[in-house]
$ cat run-v5.txt   # compact mmCIF, C-alpha atoms
# COMPACT_ATOMS: atom_id res chain seq x y z
CA MET A 1 -36.31 173.61 83.00
CA SER A 2 -37.58 172.56 86.42
CA ARG A 3 -36.59 169.16 87.71
CA VAL A 4 -38.87 167.15 89.99
CA ARG A 5 -36.90 166.03 93.01
CA VAL A 6 -37.42 164.05 96.19
CA TYR A 7 -35.40 164.70 99.35
CA LEU A 8 -36.21 162.46 102.30
CA GLY A 9 -34.68 161.06 105.42
CA CYS A 10 -35.56 157.46 106.15
CA SER A 11 -34.67 154.55 108.35
CA LEU A 12 -32.53 151.74 106.98
CA ASP A 13 -35.68 149.66 106.51
CA GLY A 14 -37.30 152.36 104.35
CA CYS A 15 -39.60 154.10 106.83
CA ILE A 16 -40.08 157.83 106.35
CA ALA A 17 -42.10 158.03 109.57
CA GLY A 18 -42.73 155.76 112.50
CA PRO A 19 -46.16 154.55 113.64
CA ASP A 20 -48.76 157.33 113.79
CA HIS A 21 -46.56 159.49 111.52
CA ASP A 22 -43.94 159.88 114.28
CA LEU A 23 -40.92 161.80 112.96
CA SER A 24 -38.90 161.84 116.19
CA PHE A 25 -36.37 159.33 114.81
CA LEU A 26 -35.21 161.98 112.32
CA SER A 27 -33.92 164.28 115.05
CA GLU A 28 -32.91 161.52 117.47
CA HIS A 29 -30.53 159.86 114.99
CA ALA A 30 -29.23 162.84 113.01
CA PRO A 31 -26.34 165.08 114.03
CA ALA A 32 -27.14 168.58 115.25
CA GLY A 33 -26.79 171.46 112.79
CA GLU A 34 -26.31 171.33 109.04
CA PRO A 35 -24.45 168.06 108.36
CA HIS A 36 -21.19 168.09 106.43
CA GLY A 37 -20.79 165.93 103.34
CA GLY A 38 -23.58 165.27 100.89
CA LEU A 39 -26.41 167.65 100.16
CA GLY A 40 -27.76 169.37 103.26
CA PHE A 41 -31.40 170.39 103.49
CA GLU A 42 -30.71 174.14 103.32
CA ALA A 43 -28.56 173.73 100.21
CA PHE A 44 -31.24 171.55 98.64
CA LEU A 45 -34.00 173.99 99.53
CA SER A 46 -32.09 176.88 97.93
CA GLN A 47 -32.65 175.13 94.57
CA ILE A 48 -36.40 174.69 95.11
CA GLY A 49 -39.05 177.07 93.80
CA ALA A 50 -42.18 175.17 94.92
CA LEU A 51 -43.24 172.05 96.79
CA LEU A 52 -45.99 169.51 96.19
CA MET A 53 -47.09 167.38 99.12
CA GLY A 54 -50.09 165.45 100.34
CA ARG A 55 -52.54 166.58 103.01
CA ARG A 56 -51.23 164.15 105.65
CA THR A 57 -47.66 165.37 105.18
CA TYR A 58 -48.85 168.97 105.48
CA GLN A 59 -50.70 168.17 108.71
CA VAL A 60 -47.68 166.38 110.19
CA LEU A 61 -45.55 169.46 109.46
CA LEU A 62 -48.12 171.64 111.21
CA ASP A 63 -48.31 169.24 114.17
CA TYR A 64 -44.51 169.29 114.55
CA ASP A 65 -44.33 173.05 113.95
CA ALA A 66 -41.77 172.20 111.26
CA TRP A 67 -42.26 174.85 108.57
CA HIS A 68 -38.91 175.18 106.79
CA TYR A 69 -40.10 176.53 103.46
CA GLY A 70 -40.30 180.28 104.00
CA ASP A 71 -42.59 181.89 101.47
CA ARG A 72 -42.09 179.28 98.74
CA PRO A 73 -45.39 178.09 97.31
CA VAL A 74 -46.45 174.78 98.88
CA LEU A 75 -49.13 173.00 96.88
CA VAL A 76 -51.07 170.54 99.01
CA ALA A 77 -53.02 167.79 97.26
CA THR A 78 -56.36 167.71 99.07
CA HIS A 79 -60.12 167.97 98.65
CA HIS A 80 -60.48 169.67 102.03
CA PRO A 81 -59.86 173.21 103.28
CA LEU A 82 -56.35 173.78 104.64
CA PRO A 83 -55.36 175.33 107.92
CA PRO A 84 -53.09 178.29 107.16
CA ALA A 85 -49.36 177.72 106.91
CA PRO A 86 -47.36 179.05 109.86
CA GLN A 87 -44.87 181.90 109.71
CA GLY A 88 -46.52 183.56 106.72
CA GLY A 89 -46.03 180.49 104.52
CA ASP A 90 -47.83 180.11 101.21
CA ALA A 91 -49.86 176.87 101.27
CA ARG A 92 -52.42 176.27 98.53
CA ALA A 93 -54.93 173.44 98.20
CA VAL A 94 -54.79 171.73 94.79
CA GLN A 95 -56.54 168.73 93.32
CA GLY A 96 -56.38 166.63 90.20
CA PRO A 97 -54.24 163.91 88.66
CA ILE A 98 -50.57 163.83 89.67
CA ALA A 99 -49.36 165.05 86.24
CA ALA A 100 -51.54 168.17 86.49
CA LEU A 101 -50.38 168.78 90.07
CA VAL A 102 -46.72 168.52 89.07
CA ASP A 103 -47.36 170.90 86.16
CA ALA A 104 -48.95 173.38 88.58
CA ALA A 105 -45.96 173.06 90.93
CA LYS A 106 -43.55 173.65 88.02
CA ALA A 107 -45.48 176.78 87.06
CA ALA A 108 -45.34 178.01 90.67
CA ALA A 109 -41.59 177.21 90.91
CA GLY A 110 -40.62 179.99 88.52
CA GLY A 111 -37.95 177.97 86.72
CA LYS A 112 -36.48 176.44 89.88
CA ASP A 113 -36.88 172.79 90.87
CA VAL A 114 -39.98 171.19 92.39
CA TYR A 115 -39.75 169.24 95.65
CA LEU A 116 -42.17 166.30 96.04
CA ASP A 117 -42.69 165.48 99.69
CA GLY A 118 -44.71 162.76 101.41
CA GLY A 119 -44.85 159.06 100.65
CA ASP A 120 -48.08 158.96 98.67
CA VAL A 121 -47.21 161.92 96.43
CA VAL A 122 -43.68 160.57 95.88
CA ARG A 123 -45.02 157.14 94.89
CA GLN A 124 -47.61 158.67 92.54
CA GLY A 125 -44.97 160.89 90.92
CA LEU A 126 -42.57 157.98 90.53
CA ASP A 127 -45.22 155.68 89.05
CA ALA A 128 -46.27 158.41 86.61
CA GLY A 129 -42.68 158.83 85.42
CA LEU A 130 -42.49 162.42 86.70
CA VAL A 131 -39.62 162.18 89.21
CA ASP A 132 -36.17 163.12 87.95
CA GLU A 133 -34.06 162.65 91.08
CA LEU A 134 -34.25 161.01 94.50
CA CYS A 135 -31.98 162.07 97.36
CA LEU A 136 -32.43 159.75 100.32
CA THR A 137 -30.57 160.12 103.58
CA LEU A 138 -30.44 156.83 105.47
CA LEU A 139 -30.37 157.27 109.23
CA PRO A 140 -28.63 154.68 111.41
CA VAL A 141 -31.81 153.10 112.75
CA VAL A 142 -34.19 150.26 111.87
CA LEU A 143 -37.73 151.15 112.92
CA GLY A 144 -39.38 147.82 112.08
CA ARG A 145 -42.74 149.47 111.52
CA GLY A 146 -44.10 152.76 110.32
CA ILE A 147 -44.82 154.55 107.05
CA ARG A 148 -42.75 152.84 104.37
CA LEU A 149 -41.66 154.93 101.42
CA TRP A 150 -41.89 152.28 98.72
CA GLU A 151 -44.95 150.36 99.87
CA GLY A 152 -47.71 150.65 97.27
CA LEU A 153 -45.63 151.39 94.17
CA ALA A 154 -47.41 150.09 91.09
CA ALA A 155 -44.31 149.58 88.95
CA THR A 156 -40.63 148.72 89.04
CA HIS A 157 -38.26 151.67 88.66
CA ALA A 158 -34.62 151.40 87.61
CA LEU A 159 -32.30 153.99 89.12
CA ALA A 160 -28.83 155.29 88.26
CA PHE A 161 -26.97 155.96 91.52
CA ASP A 162 -24.28 158.51 92.21
CA PRO A 163 -21.63 157.19 94.61
CA PRO A 164 -22.99 157.11 98.19
CA VAL A 165 -21.75 159.84 100.52
CA MET A 166 -21.30 159.87 104.29
CA HIS A 167 -23.57 162.64 105.50
CA GLY A 168 -23.03 164.20 108.89
CA GLY A 169 -20.67 161.43 109.96
CA THR A 170 -23.51 159.06 110.94
CA MET A 171 -25.79 158.91 107.90
CA VAL A 172 -25.44 157.69 104.32
CA GLN A 173 -26.88 159.75 101.49
CA LEU A 174 -27.92 158.16 98.21
CA THR A 175 -28.72 160.25 95.15
CA ALA A 176 -30.26 158.58 92.11
CA ARG A 177 -31.76 159.60 88.85
CA VAL A 178 -34.76 157.65 87.61
CA SER A 179 -33.59 155.85 84.46
CA THR A 180 -36.55 153.64 83.49
CA ARG A 181 -40.01 152.58 84.56
CA THR A 182 -41.31 149.07 84.04
CA ALA A 183 -45.00 148.21 84.44
$ encode --input "run-v5.txt" --output "structure tokens"
Amino acid sequence: MSRVRVYLGCSLDGCIAGPDHDLSFLSEHAPAGEPHGGLGFEAFLSQIGALLMGRRTYQVLLDYDAWHYGDRPVLVATHHPLPPAPQGGDARAVQGPIAALVDAAKAAAGGKDVYLDGGDVVRQGLDAGLVDELCLTLLPVVLGRGIRLWEGLAATHALAFDPPVMHGGTMVQLTARVSTRTA
């Protein structure tokens, strides 16, 4: 059965992007190449059959020319037409409540896991009780301002953490399963 997973890099103060959706801190503060220790992005992606992200996240990826998903289906929650995905990628516009979108992503994943990406989609999935696992890589930087991952959650969520792992020698990776949701 498909799990719904989140894999994000963030600053120590919980920002997944700087002001104006700036992602430069991710490359500026991460080691070059596939980091040792923890779960690297390529290893994570090998377990993913489909992605679900919001329209802003999709646009940021296009702006940064950062298409890492190959031909995996990428479902983009939007009411607007989508520019085509680069490099022959498979991006599809979808709309509806988060539970229906996650179900569509699971169907597209072909039995593999679903990757939720983008702050708004992650928060909606978490609040709806649909997220099974969070893998957060904390970069050694405090941004002070930007797009905060947890801002706007409607509920409290208890997590069960695996032991933290040094990732790439400079980052800390936290993996947690969602254990309960409290309104």
$ closest_residue --input "run-v5.txt" --among "A:Ile48, A:Val121, A:Asp65, A:Arg55" --to "His80 (chain A)" --atoms "only C-alpha atoms"
A:Arg55
$ residues_around --input "run-v5.txt" --residues "Asp90 (chain A)" --least-positions-apart "6" --cutoff "9 Å" --atoms "only C-alpha atoms" --output "ChimeraX atom specification"
/A:69-75,84
$ write_last_selection --input "run-v5.txt" --atoms "C-alpha atoms" --output "PDB file, keeping the file's coordinate frame"
ATOM      1  CA  TYR A  69     -40.100 176.530 103.460  1.00  0.00           C
ATOM      2  CA  GLY A  70     -40.300 180.280 104.000  1.00  0.00           C
ATOM      3  CA  ASP A  71     -42.590 181.890 101.470  1.00  0.00           C
ATOM      4  CA  ARG A  72     -42.090 179.280  98.740  1.00  0.00           C
ATOM      5  CA  PRO A  73     -45.390 178.090  97.310  1.00  0.00           C
ATOM      6  CA  VAL A  74     -46.450 174.780  98.880  1.00  0.00           C
ATOM      7  CA  LEU A  75     -49.130 173.000  96.880  1.00  0.00           C
ATOM      8  CA  PRO A  84     -53.090 178.290 107.160  1.00  0.00           C
TER       9      PRO A  84
END
$ atom_distance --input "run-v5.txt" --atom1 "CA of Cys15 (chain A)" --atom2 "CA of Met171 (chain A)"
14.7 Å
$ closest_residue --input "run-v5.txt" --among "A:Leu39, A:Ala17, A:Ala109, A:Leu174" --to "Met1 (chain A)" --atoms "all atoms listed in the file"
A:Ala109
$ residues_around --input "run-v5.txt" --residues "region 162-165 of chain A" --least-positions-apart "3" --cutoff "9 Å" --atoms "all atoms listed in the file" --output "list in words"
Gly37, Gly38, Met171, Val172, Gln173, Leu174, Thr175, Ala176 and Arg177 of chain A
$ residues_around --input "run-v5.txt" --residues "Ala66 (chain A)" --least-positions-apart "5" --cutoff "9 Å" --atoms "only C-alpha atoms" --output "list in words"
Val60, Leu61 and Pro86 of chain A
$ atom_distance --input "run-v5.txt" --atom1 "CA of Leu136 (chain A)" --atom2 "CA of Leu82 (chain A)"
28.1 Å
$ residues_near_point --input "run-v5.txt" --point "(-58.9, 170.0, 100.6)" --cutoff "12 Å" --atoms "only C-alpha atoms" --output "ChimeraX atom specification"
/A:54-56,58-59,75-83,91-96
$ closest_residue --input "run-v5.txt" --among "A:Ala50, A:Cys135, A:Leu149, A:Ala30" --to "Ala105 (chain A)" --atoms "all atoms listed in the file"
A:Ala50
$ closest_residue --input "run-v5.txt" --among "A:Pro140, A:His36, A:Gly125, A:Ala154" --to "His167 (chain A)" --atoms "all atoms listed in the file"
A:His36
$ atom_distance --input "run-v5.txt" --atom1 "CA of Thr156 (chain A)" --atom2 "CA of Gly129 (chain A)"
10.9 Å
$ closest_residue --input "run-v5.txt" --among "A:Leu143, A:Arg3, A:Gly40, A:Val131" --to "Gly168 (chain A)" --atoms "all atoms listed in the file"
A:Gly40
$ closest_residue --input "run-v5.txt" --among "A:Asp20, A:Glu151, A:Asp120, A:Asp127" --to "Asp63 (chain A)" --atoms "all atoms listed in the file"
A:Asp20
